[in-house]
Amino acid sequence: MHALATKRRSWVQGRIQCHCDATATGYICISTPSSNQVQRFGGLRFYDRLPGVAQRVASNATDCEAFVEGVVIYHLVIEGTLALTGQRFELNTVRERARTHMGLYQGFTAVARDESRHVNFGIKVLHDAVQEEPARFAPLIQRTLVECRPLISGTFRPLDPRHLTGYGHSEQDLRKFGLNSLNRRLRAITINLAA
């Protein structure tokens, strides 16, 4: 990766570390699941995987594989597939209940807009990496996504289905929207999920 990628790597490293710190203190929605949830996710947890990747980038700023893996996990999976999906359904529910005048709706809309910018940044980074070295980075992106699939599926499965059905949604609605969004982003990166 070239000078521009080095700047990106520095910026993303800070984002990943900030996210890991927030996760460790419980300030974000992806909180520590119960042991029951960990079992259901196959033992893979964002707050285990992401800090490890951030540490690899922090220890060796030239580790492009760690950088790309971090961008996949943070920008593509956490923000692009999970956060934006949840935000979309939350905002739709608020609109359906005619509560758009509430501060929560306005604030959540601003957060979703900001998340979209982060996702677009990640897509650009991954697209550039695949264009520069497709044989090196396309398989890494695909492998990271395959490894994250149980976590994605588990996140779309609420502990209590009423958390979705009570608002007129289903696990299938979330999964379909999230995976369609992920596939659109993968097309922009110029890869698909199949190896």
# chains A, B, ... in the order shown; residues from 1 in each chain; ligands from 1

$ residues_around --residues "Ser116 (chain A)" --least-positions-apart "3" --cutoff "12 Å" --atoms "only C-alpha atoms" --output "PDB file with C-alpha atoms, in the first residue's frame"
ATOM      1  CA  HIS A  75     -16.227  -0.898   8.710  1.00  0.00           C
ATOM      2  CA  LEU A  76     -17.831  -3.699   6.717  1.00  0.00           C
ATOM      3  CA  ILE A  78     -19.807  -3.990  12.528  1.00  0.00           C
ATOM      4  CA  GLU A  79     -20.747  -0.659  10.992  1.00  0.00           C
ATOM      5  CA  GLY A  80     -21.902  -1.637   7.492  1.00  0.00           C
ATOM      6  CA  THR A  81     -23.760  -4.868   8.124  1.00  0.00           C
ATOM      7  CA  LEU A  82     -24.846  -4.766  11.757  1.00  0.00           C
ATOM      8  CA  ALA A  83     -25.048  -1.149  12.927  1.00  0.00           C
ATOM      9  CA  LEU A  84     -26.639   0.323   9.804  1.00  0.00           C
ATOM     10  CA  THR A  85     -29.146  -2.536   9.641  1.00  0.00           C
ATOM     11  CA  GLN A  87     -30.319   1.757  12.761  1.00  0.00           C
ATOM     12  CA  ARG A  88     -32.461   1.428   9.637  1.00  0.00           C
ATOM     13  CA  THR A 109     -30.472   9.902  12.016  1.00  0.00           C
ATOM     14  CA  ALA A 110     -27.240  11.869  12.504  1.00  0.00           C
ATOM     15  CA  VAL A 111     -25.489   8.761  13.855  1.00  0.00           C
ATOM     16  CA  ALA A 112     -26.651   6.678  10.875  1.00  0.00           C
ATOM     17  CA  ARG A 113     -25.387   9.361   8.487  1.00  0.00           C
ATOM     18  CA  VAL A 119     -18.636   2.480   5.828  1.00  0.00           C
ATOM     19  CA  ASN A 120     -17.912   4.322   2.579  1.00  0.00           C
ATOM     20  CA  PHE A 121     -14.380   5.011   3.785  1.00  0.00           C
ATOM     21  CA  GLY A 122     -13.907   1.305   4.534  1.00  0.00           C
ATOM     22  CA  ILE A 123     -15.270   0.320   1.123  1.00  0.00           C
ATOM     23  CA  SER A 181     -26.352  -4.543   2.162  1.00  0.00           C
ATOM     24  CA  ARG A 185     -20.757  -3.354  -0.583  1.00  0.00           C
TER      25      ARG A 185
END

$ residues_around --residues "Arg56 (chain A)" --least-positions-apart "4" --cutoff "12 Å" --atoms "only C-alpha atoms" --output "PyMOL selection string"
chain A and resi 13+16-17+49-52+60-70

$ closest_residue --among "A:Phe89, A:Arg157, A:Val125, A:Met102" --to "Phe137 (chain A)" --atoms "only C-alpha atoms"
A:Val125

$ residues_around --residues "His169 (chain A)" --least-positions-apart "3" --cutoff "12 Å" --atoms "only C-alpha atoms" --output "PDB file with C-alpha atoms, in the first residue's frame"
ATOM      1  CA  GLY A  86     -30.197  -2.003  13.245  1.00  0.00           C
ATOM      2  CA  ARG A  88     -32.461   1.428   9.637  1.00  0.00           C
ATOM      3  CA  PHE A  89     -35.018  -0.733  11.405  1.00  0.00           C
ATOM      4  CA  GLU A  90     -35.010   1.500  14.473  1.00  0.00           C
ATOM      5  CA  ASN A  92     -38.306   2.964  10.357  1.00  0.00           C
ATOM      6  CA  THR A  93     -40.071   1.980  13.579  1.00  0.00           C
ATOM      7  CA  PHE A 156     -29.448 -10.802  13.958  1.00  0.00           C
ATOM      8  CA  ARG A 157     -30.990 -13.425  16.277  1.00  0.00           C
ATOM      9  CA  PRO A 158     -32.382 -11.584  19.305  1.00  0.00           C
ATOM     10  CA  PRO A 161     -37.936 -12.543  19.452  1.00  0.00           C
ATOM     11  CA  ARG A 162     -40.454 -10.038  20.851  1.00  0.00           C
ATOM     12  CA  HIS A 163     -37.723  -7.392  20.543  1.00  0.00           C
ATOM     13  CA  LEU A 164     -38.392  -7.616  16.810  1.00  0.00           C
ATOM     14  CA  THR A 165     -41.890  -9.008  16.435  1.00  0.00           C
ATOM     15  CA  GLY A 166     -43.268  -6.422  18.842  1.00  0.00           C
ATOM     16  CA  GLN A 172     -35.416 -12.855   8.632  1.00  0.00           C
ATOM     17  CA  ASP A 173     -36.153  -9.184   7.826  1.00  0.00           C
ATOM     18  CA  LEU A 174     -32.950  -8.075   9.551  1.00  0.00           C
ATOM     19  CA  ARG A 175     -30.849 -10.863   8.081  1.00  0.00           C
ATOM     20  CA  LYS A 176     -32.125 -10.258   4.548  1.00  0.00           C
ATOM     21  CA  PHE A 177     -31.531  -6.502   4.709  1.00  0.00           C
TER      22      PHE A 177
END
